[in-house]
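**Q** Just so it is clear, I am handing over input.pdb, which has PDB, C-alpha atoms and all ligand atoms.
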ATOM      1  CA  MET C   1     -33.030   1.436  80.870  1.00  0.00           C
ATOM      2  CA  ARG C   2     -29.431   2.037  81.797  1.00  0.00           C
ATOM      3  CA  LEU C   3     -26.879   1.612  79.059  1.00  0.00           C
ATOM      4  CA  ASP C   4     -24.536  -0.562  81.118  1.00  0.00           C
ATOM      5  CA  GLU C   5     -27.347  -3.057  81.643  1.00  0.00           C
ATOM      6  CA  ILE C   6     -27.734  -3.788  77.958  1.00  0.00           C
ATOM      7  CA  THR C   7     -24.153  -3.708  76.698  1.00  0.00           C
ATOM      8  CA  HIS C   8     -22.523  -6.953  75.649  1.00  0.00           C
ATOM      9  CA  THR C   9     -19.014  -7.956  74.694  1.00  0.00           C
ATOM     10  CA  ALA C  10     -18.775  -8.820  71.017  1.00  0.00           C
ATOM     11  CA  ARG C  11     -17.607 -12.409  70.510  1.00  0.00           C
ATOM     12  CA  SER C  12     -16.897 -11.750  66.846  1.00  0.00           C
ATOM     13  CA  ASN C  13     -17.049  -8.837  64.447  1.00  0.00           C
ATOM     14  CA  TYR C  14     -20.513  -7.386  63.905  1.00  0.00           C
ATOM     15  CA  LEU C  15     -21.884  -4.681  61.681  1.00  0.00           C
ATOM     16  CA  CYS C  16     -23.426  -1.716  63.486  1.00  0.00           C
ATOM     17  CA  ALA C  17     -27.097  -1.424  62.527  1.00  0.00           C
ATOM     18  CA  CYS C  18     -26.849   2.338  62.934  1.00  0.00           C
ATOM     19  CA  CYS C  19     -23.711   3.501  61.085  1.00  0.00           C
ATOM     20  CA  GLY C  20     -22.813   0.331  59.173  1.00  0.00           C
ATOM     21  CA  MET C  21     -19.256   0.223  60.520  1.00  0.00           C
ATOM     22  CA  THR C  22     -17.684  -2.840  62.124  1.00  0.00           C
ATOM     23  CA  VAL C  23     -18.159  -3.529  65.811  1.00  0.00           C
ATOM     24  CA  PRO C  24     -14.837  -5.259  66.503  1.00  0.00           C
ATOM     25  CA  GLY C  25     -14.762  -8.499  68.465  1.00  0.00           C
ATOM     26  CA  GLY C  26     -13.991  -7.938  72.131  1.00  0.00           C
ATOM     27  CA  SER C  27     -15.474  -4.454  72.237  1.00  0.00           C
ATOM     28  CA  ARG C  28     -18.661  -3.450  74.015  1.00  0.00           C
ATOM     29  CA  TYR C  29     -21.809  -3.032  71.990  1.00  0.00           C
ATOM     30  CA  VAL C  30     -25.547  -2.611  72.477  1.00  0.00           C
ATOM     31  CA  ARG C  31     -28.069  -5.132  71.197  1.00  0.00           C
ATOM     32  CA  ALA C  32     -31.086  -2.938  70.590  1.00  0.00           C
ATOM     33  CA  GLN C  33     -34.487  -3.427  69.042  1.00  0.00           C
ATOM     34  CA  VAL C  34     -34.693  -2.167  65.486  1.00  0.00           C
ATOM     35  CA  PRO C  35     -38.206  -2.126  64.023  1.00  0.00           C
ATOM     36  CA  GLY C  36     -38.564  -2.826  60.332  1.00  0.00           C
ATOM     37  CA  GLY C  37     -40.433  -4.992  57.846  1.00  0.00           C
ATOM     38  CA  GLY C  38     -43.167  -5.903  60.325  1.00  0.00           C
ATOM     39  CA  LEU C  39     -40.813  -7.701  62.701  1.00  0.00           C
ATOM     40  CA  VAL C  40     -38.760  -6.321  65.543  1.00  0.00           C
ATOM     41  CA  ALA C  41     -35.224  -7.617  65.397  1.00  0.00           C
ATOM     42  CA  LYS C  42     -32.427  -7.090  67.874  1.00  0.00           C
ATOM     43  CA  LYS C  43     -29.364  -5.828  66.107  1.00  0.00           C
ATOM     44  CA  PRO C  44     -25.926  -4.862  67.358  1.00  0.00           C
ATOM     45  CA  MET C  45     -24.833  -1.251  67.316  1.00  0.00           C
ATOM     46  CA  HIS C  46     -22.055   0.830  68.854  1.00  0.00           C
ATOM     47  CA  THR C  47     -22.822   2.187  72.309  1.00  0.00           C
ATOM     48  CA  ALA C  48     -22.047   5.654  70.932  1.00  0.00           C
ATOM     49  CA  CYS C  49     -24.478   5.137  68.059  1.00  0.00           C
ATOM     50  CA  TYR C  50     -27.154   3.909  70.455  1.00  0.00           C
ATOM     51  CA  THR C  51     -26.869   6.900  72.771  1.00  0.00           C
ATOM     52  CA  ARG C  52     -26.809   9.304  69.812  1.00  0.00           C
ATOM     53  CA  ARG C  53     -29.890   7.596  68.354  1.00  0.00           C
ATOM     54  CA  ALA C  54     -31.743   7.754  71.668  1.00  0.00           C
ATOM     55  CA  ALA C  55     -30.826  11.412  72.098  1.00  0.00           C
ATOM     56  CA  SER C  56     -32.064  12.530  68.685  1.00  0.00           C
ATOM     57  CA  ASN C  57     -34.883  10.428  67.283  1.00  0.00           C
ATOM     58  CA  THR C  58     -35.428  12.398  64.105  1.00  0.00           C
ATOM     59  CA  ASN C  59     -37.459  11.571  61.018  1.00  0.00           C
ATOM     60  CA  MET C  60     -34.248  11.334  59.026  1.00  0.00           C
ATOM     61  CA  GLU C  61     -32.967   8.540  61.248  1.00  0.00           C
ATOM     62  CA  LYS C  62     -36.267   6.707  60.990  1.00  0.00           C
ATOM     63  CA  ALA C  63     -35.986   6.831  57.212  1.00  0.00           C
ATOM     64  CA  HIS C  64     -32.459   5.437  57.510  1.00  0.00           C
ATOM     65  CA  GLU C  65     -33.717   2.541  59.616  1.00  0.00           C
ATOM     66  CA  ARG C  66     -36.126   1.465  56.891  1.00  0.00           C
ATOM     67  CA  ASN C  67     -33.209   1.045  54.480  1.00  0.00           C
ATOM     68  CA  ILE C  68     -31.382  -1.495  56.642  1.00  0.00           C
TER      69      ILE C  68
HETATM   70 ZN    ZN L   1     -22.214   2.542  64.826  1.00  0.00          ZN
END
Please express what this file holds, its structure, as structure tokens.
Ligand SMILES: [Zn+2]
**A**
Amino acid sequence: MRLDEITHTARSNYLCACCGMTVPGGSRYVRAQVPGGGLVAKKPMHTACYTRRAASNTNMEKAHERNI
């Protein structure tokens, strides 16, 4: 899936599900599926975080996801 097909413009401030920093309102972000707790939720994250996550899907990052 191409990144520019799944980016959205933030209507308010969000928290990035990847790095925990603010996604400021008006900026572009990715709403991506984040598995956890038996349900798959779609959570906002920075486009940079999303591409970095997709590029390196390590065990450490999976462990981080479980803590969200
Ligand atoms: Zn982020």
**Q** For ligand ZN 1 (chain L), which of C:Arg52, C:Arg31, C:Arg11, C:His46 is the closest residue, counting only C-alpha atoms and all ligand atoms?
**A**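 Smallest separation from ligand ZN 1 (chain L) among the options: C:His46.
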**Q** Let me have all residues with an atom within 10 Å of ligand ZN 1 (chain L), counting only C-alpha atoms and all ligand atoms, laid out as a list in words.
**A**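 Within the 10 Å cut-off, the matching residues are Leu15, Cys16, Ala17, Cys18, Cys19, Gly20, Met21, Thr22, Val23, Tyr29, Val30, Pro44, Met45, His46, Thr47, Ala48, Cys49, Tyr50, Arg52 and Arg53 of chain C.
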**Q** Between CA of Asn13 in chain C and CA of Arg28 in chain C, measure the distance and give it in Å to one decimal.
**A**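 CA of Asn13 in chain C sits 11.1 Å away from CA of Arg28 in chain C.
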**Q** What does the structure give for the distance between CA of Ser56 in chain C and CA of Asp4 in chain C, in Å to one decimal?
**A**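 That distance, rounded to one decimal, is 19.6 Å.
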**Q** Ranking C:Arg2, C:Val34, C:Ala54, C:Lys43 by minimum distance to Tyr14 in chain C and counting all atoms listed in the file, which one comes first?
**A**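 Looking at the shortest contact to Tyr14 in chain C, the residue is C:Lys43.
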**Q** Starting from the displayed file, determine the output of the PyMOL selection byres (((chain C and resi 25) around 6) and not hetatm) and express the residue list as a PyMOL selection string.
**A** chain C and resi 10-13+24+26-27
